[in-house]
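Visitor: Input: one structure, supplied below.
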Amino acid sequence: MADIVRLLPDSVANQIAAGEVIQRPASAVKELLENAIDAGATEIELIIKDAGKTLIQIIDNGCGMSETDARLCFERHATSKIKAADDLFSIRTMGFRGEALASIAAIAQVELKSKLHDSELGTQILINGSVVEEQKVCQCNSGTSISVKNLFYNVPARRNFLKSDPVELGHIEEEFKRVALPNPNIAFSFYSNGKLLYKLDKASFLQRIVGVFGDNYKERLLPAEQKTNIIDVSGYVAKAEFAKKTRGEQYFFVNKRFIKHPYLHHAVENAFDELLADRLIPSYFLCLEIDPGQIDINIHPTKTEIKFIDEKPIYAILRSTVKKALGQFTLSSQIEFDMDAGIQLNAPPKGYIPKPPSVNINPMFNPFEERKKSDSGSGQATTHREISNKENWQKFYETPKERTFQSEMPLETPATESLPMQESYQADIIQVHNRYIVTTLKSGLAIIDQQRAHERVLYERFLQADNSPSNVSQQLLFPVNCNFSPANSEILIEILPELKAFGFDINEFGNNSFLISGTPEGIQQENVPDILESFIEGYKNSLLQKFSNRREGAAASLAKQMAVKAGKKLKQEEMQEIVAQLFTCKSPAVSIWGKKTILFLTEQELNEKFNKI
């Protein structure tokens with residue numbers, strides 16, 4: 001029998017390794033940014049085109065590389081960080097495996113320019129699918145510039161699995177945040193398709209958080225700090241009232257490396273115990289400094305997971321640190337008083353008797369003496385004050401006129417003829433557990449999930465907004481100015497046509513801020529910023545989960561934010577509107593997320609259940 005075991009060619013081995021390390025453009029961005037940090041850069045510039053599919057370029061002012069190092073860095077397992085296995089337990093650098101550049105070069109066209117600070121000329125290398133096509137000296141700035149073009153060009157199957165540009169841009173932005181946040185001493189710039197998204201100067205950790213997430217985070221964050229002989233904890237946690245239903249602002253940095261750790265996340269959530277409603281997730285930005293010998297960061301190719309030798313004391317320290325921050329700042333007043341230099345309060349001299357203030361009065365004034373009028377009906381004299389009081393008390397006891405119900409929900413009651421189930425639909429509706437609407441039909445019972453039903457109603461209305469003349473915006477008394485992160489601003493600009501069709505009167509105001517002058521009916525003015533912020537997060541999630549169409553994703557996200565929630569007590573008229581509108585939808589029985597909206601129980605099924613008892 002012929003031998004069947006053989007060694008793979010280096011090009012194939014590199015492509016297989018690239019599948020573990022470089023999963024999408026964001027993975028390449030992460031590895032290249034970490035290399036720039038390890039090079040000692042104080043200024044790093046990230047440039048991408050078409051969400052990294054066409055170009056990823058990193059420019060830094062780090063130490064640079066010699067001609068030999070520039071060529072050798074593209075070989076597998078070539079690294080300057082470790083020399084022996086024991087070095088794995090004392091790592092403080094970001095990259096150390098020596099796989100990143102080799103993996104990137106195997107699936108892209110790479111151009112590297114690098115120069116040492118004390119050299120006159122640098123080195124330029126061109127690599128195409130692991131093949132070095134050219135190496136020569138060049139004139140360039142000190143540091144390193146590496147360009148990755150046409151990622152996955154020679155692995156079309158991998159390229160076909162990439163998501164849309166907004167989704168991939170979101171992943172790149174997230175990796176950028178994970179690197180930029182724990183390194184506030186480094187200036188970062190981020191350009192996408194020629195537009196500046198982030199310009200982060202050297203600053204403190206708090207200023208870096210605000211620079212990344214927006215000025216409104218200044219009022220949300222509470223400092224958390226604790227130093228022990230096991231671990232040092234520092235950073236910020238958001239106040240309980242700013243917790244969200246979606247993940248995305250939970251950041252742990254161990255020795256300046258972003259990690260995911262469910263056990264430590266539970267410690268933070270436990271510290272918020274009894275402060276958060278169900279399903280709300282607190283936001284936090286916590287930096288942990290620990291002896292590298294106490295952790296193992298070599299358990300995952302992307303190095304986002306680490307293992308502690310002993311997790312229990314770290315859990316306890318982290319929980320107590322967060323509890324201390326919440327107890328010290330959340331439960332007490334945070335008002336800071338600045339003494340005005342112009343105000344001087346000196347103690348009075350000993351024996352000083354303060355003079356009581358004098359009050360000037362008119363002893364002849366009588367507030368009850370007014371001109372008398374004769375009551376023609378009874379002949380009794382009545383003052384103007386008595387007449388006014390009598391009229392007011394009579395109005396107070398008047399029977400109020402019946403008012404027309406105005407729903408708090410943005411629903412339009414359809415005509416009676418447009419309701420297919422009008423004959424079997426009964427007027428008597430009840431709400432069960434503030435979640436389900438139960439109504440009787442000729443054939444039995446219909447149990448409706450109020451939140452799913454309202455989401456379906458709003459979703460179909462938004463999709464038909466262009467053809468609906470009644471979908472108008474309610475103008476706000478005072479326009480609301482909302483600030484967002486650069487990446488969220490890009491998403492908002494992209495879907496502005498959809499938002500305006502849905503009923504938003506919104507315009508760009510410059511510097512990642514937007515002016516909202518009108519909203520769809522049913523949104524309170526004070527809720528506009530939270531609604532839009534949650535809408536953007538929901539829009540990104542809806543695209544990832546189900547919707548490939550931008551309009552459908554936007555409609556689903558907005559419907560989810562505006563719909564009545566489970567747990568809200570509804571009036572009889574509100575329940576009737578939801579039921580009536582639901583039965584006019586194209587797909588009333590299924591929610592926009594593919595779950596059941598209505599549960600039907602026929603009279604026969606009810607009888608069978610009782611007969612079994």
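By convention in this document, the chains of the structure tokens carry letters A, B, ... by their order, each chain's residues are numbered from 1, and ligands are numbered from 1 in the order they are shown.
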Using backbone DSSP assignments, extract all strand (DSSP E) residues from region 172-295 of chain A; output them as a ChimeraX atom specification.

Guide: /A:187-192,195-200,221-227,232-238,250-254,257-259,284-289,295

Visitor: What lies within 8 Å of Ile495 (chain A) using only C-alpha atoms, ignoring chain neighbours under 4 positions off, as a list in words?

Guide: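 Those residues are Ile491, Leu499, Arg550, Arg551 and Ala554 of chain A.
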
Visitor: Take the residues that were just selected and, keeping N, CA, C and O atoms, output them as a PDB file, in the first residue's frame.

Guide:
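This is the output file part_37.pdb:
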```
ATOM      1  N   ILE A 491     -23.876  55.052  11.070  1.00  0.00           N
ATOM      2  CA  ILE A 491     -25.054  54.208  10.857  1.00  0.00           C
ATOM      3  C   ILE A 491     -26.308  55.061  10.777  1.00  0.00           C
ATOM      4  O   ILE A 491     -27.184  54.840   9.929  1.00  0.00           O
ATOM      5  N   LEU A 499     -35.552  56.639   8.582  1.00  0.00           N
ATOM      6  CA  LEU A 499     -36.065  57.293   9.788  1.00  0.00           C
ATOM      7  C   LEU A 499     -37.052  58.402   9.430  1.00  0.00           C
ATOM      8  O   LEU A 499     -38.079  58.580  10.090  1.00  0.00           O
ATOM      9  N   ARG A 550     -31.885  46.720   4.593  1.00  0.00           N
ATOM     10  CA  ARG A 550     -31.666  47.817   5.538  1.00  0.00           C
ATOM     11  C   ARG A 550     -32.979  48.367   6.074  1.00  0.00           C
ATOM     12  O   ARG A 550     -33.106  48.657   7.260  1.00  0.00           O
ATOM     13  N   ARG A 551     -33.962  48.507   5.213  1.00  0.00           N
ATOM     14  CA  ARG A 551     -35.243  49.075   5.643  1.00  0.00           C
ATOM     15  C   ARG A 551     -35.950  48.144   6.625  1.00  0.00           C
ATOM     16  O   ARG A 551     -36.519  48.588   7.619  1.00  0.00           O
ATOM     17  N   ALA A 554     -34.222  48.372  10.015  1.00  0.00           N
ATOM     18  CA  ALA A 554     -34.564  49.615  10.714  1.00  0.00           C
ATOM     19  C   ALA A 554     -35.986  49.565  11.251  1.00  0.00           C
ATOM     20  O   ALA A 554     -36.257  49.989  12.380  1.00  0.00           O
TER      21      ALA A 554
END
```

Visitor: Excluding Ser320 (chain A) and its own-chain neighbours fewer than 3 positions away, which residues fall within 12 Å of it when counting only C-alpha atoms? Please give them as a list in words.

Guide: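 Those residues are Ala224, Glu225, Gln226, Lys227, Thr228, Val233, Ala267, Val268, Glu269, Asn270, Ala271, Phe272, Pro313, Ile314, Tyr315, Ala316, Ile317, Lys323, Lys324, Ala325, Leu326, Gly327 and Gln328 of chain A.
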
Visitor: Neighbouring residues of region 278-284 of chain A were defined as those with any atom within 6 Å, considering only C-alpha atoms; residues of the same chain fewer than 5 positions away were excluded. Please report them as a tab-separated table (two decimals) with C-alpha atoms, in the first residue's frame.

Guide:
```tsv
chain	number	residue	atom	x	y	z
A	236	TYR	CA	-15.20	53.06	35.85
A	237	VAL	CA	-18.66	51.54	36.16
A	238	ALA	CA	-21.82	53.13	34.82
A	243	ALA	CA	-27.85	49.84	32.27
A	244	LYS	CA	-28.96	48.46	28.92
A	245	LYS	CA	-30.76	45.42	27.61
A	249	GLU	CA	-20.17	48.14	26.83
A	250	GLN	CA	-18.64	45.53	29.12
```

Visitor: Mind checking which residues fall within 12 Å of Glu120 (chain A), counting only C-alpha atoms, ignoring those fewer than 2 positions away in the same chain, and posting them as a list in words?

Guide: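 Surrounding residues, per the criterion: Ser66, Ser114, Lys115, Leu116, His117, Asp118, Gly122, Thr123, Val137, Cys138, Gln139, Cys140, Asn141 and Ser142 of chain A.
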
Visitor: Extract, using only C-alpha atoms, all DNA, RNA and protein residues at most 6 Å from Thr519 (chain A), discarding same-chain residues fewer than 6 positions from it, and format them as a PDB file with N, CA, C and O atoms, in the first residue's frame.

Guide:
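Generated file (part-v9.pdb):
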```pdb
ATOM      1  N   SER A 473     -45.106  63.195  11.185  1.00  0.00           N
ATOM      2  CA  SER A 473     -44.272  63.379  12.365  1.00  0.00           C
ATOM      3  C   SER A 473     -44.976  64.311  13.341  1.00  0.00           C
ATOM      4  O   SER A 473     -45.610  65.293  12.945  1.00  0.00           O
ATOM      5  N   GLN A 474     -44.867  63.996  14.639  1.00  0.00           N
ATOM      6  CA  GLN A 474     -45.360  64.920  15.655  1.00  0.00           C
ATOM      7  C   GLN A 474     -44.204  65.834  16.043  1.00  0.00           C
ATOM      8  O   GLN A 474     -43.141  65.374  16.448  1.00  0.00           O
ATOM      9  N   GLY A 503     -41.259  58.799  10.273  1.00  0.00           N
ATOM     10  CA  GLY A 503     -41.868  59.893  11.023  1.00  0.00           C
ATOM     11  C   GLY A 503     -40.899  60.749  11.802  1.00  0.00           C
ATOM     12  O   GLY A 503     -41.317  61.675  12.505  1.00  0.00           O
ATOM     13  N   PHE A 504     -39.595  60.489  11.708  1.00  0.00           N
ATOM     14  CA  PHE A 504     -38.608  61.309  12.405  1.00  0.00           C
ATOM     15  C   PHE A 504     -38.266  62.536  11.574  1.00  0.00           C
ATOM     16  O   PHE A 504     -38.022  62.433  10.366  1.00  0.00           O
TER      17      PHE A 504
END
```

Visitor: Which residue gives the smallest distance to Pro223 (chain A) among A:Tyr191, A:Phe242, A:Phe176, A:Phe285, with only C-alpha atoms counted?

Guide: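 That would be A:Phe285, the residue with the smallest distance to Pro223 (chain A).
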
Visitor: So the first atom is CA of Glu99 (chain A) and the second is CA of Ala28 (chain A); what is the distance between them in Å, to one decimal place?

Guide: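 Taking CA of Glu99 (chain A) as the start and CA of Ala28 (chain A) as the end point, the length is 11.3 Å.
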
Visitor: Here is a test: counting only C-alpha atoms, which residue of A:Glu241, A:Glu521, A:Glu133, A:Glu175 is nearest to Arg220 (chain A)?

Guide: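 Smallest separation from Arg220 (chain A) among the options: A:Glu241.
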
Visitor: Please indicate the distance in Å from CA of Tyr263 (chain A) to CA of Val212 (chain A), rounded to one decimal place.

Guide: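 Going from CA of Tyr263 (chain A) over to CA of Val212 (chain A), I get 26.3 Å.
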
Visitor: How many Å lie between CA of Leu46 (chain A) and CA of Ala100 (chain A), rounded to one decimal?

Guide: 17.0 Å
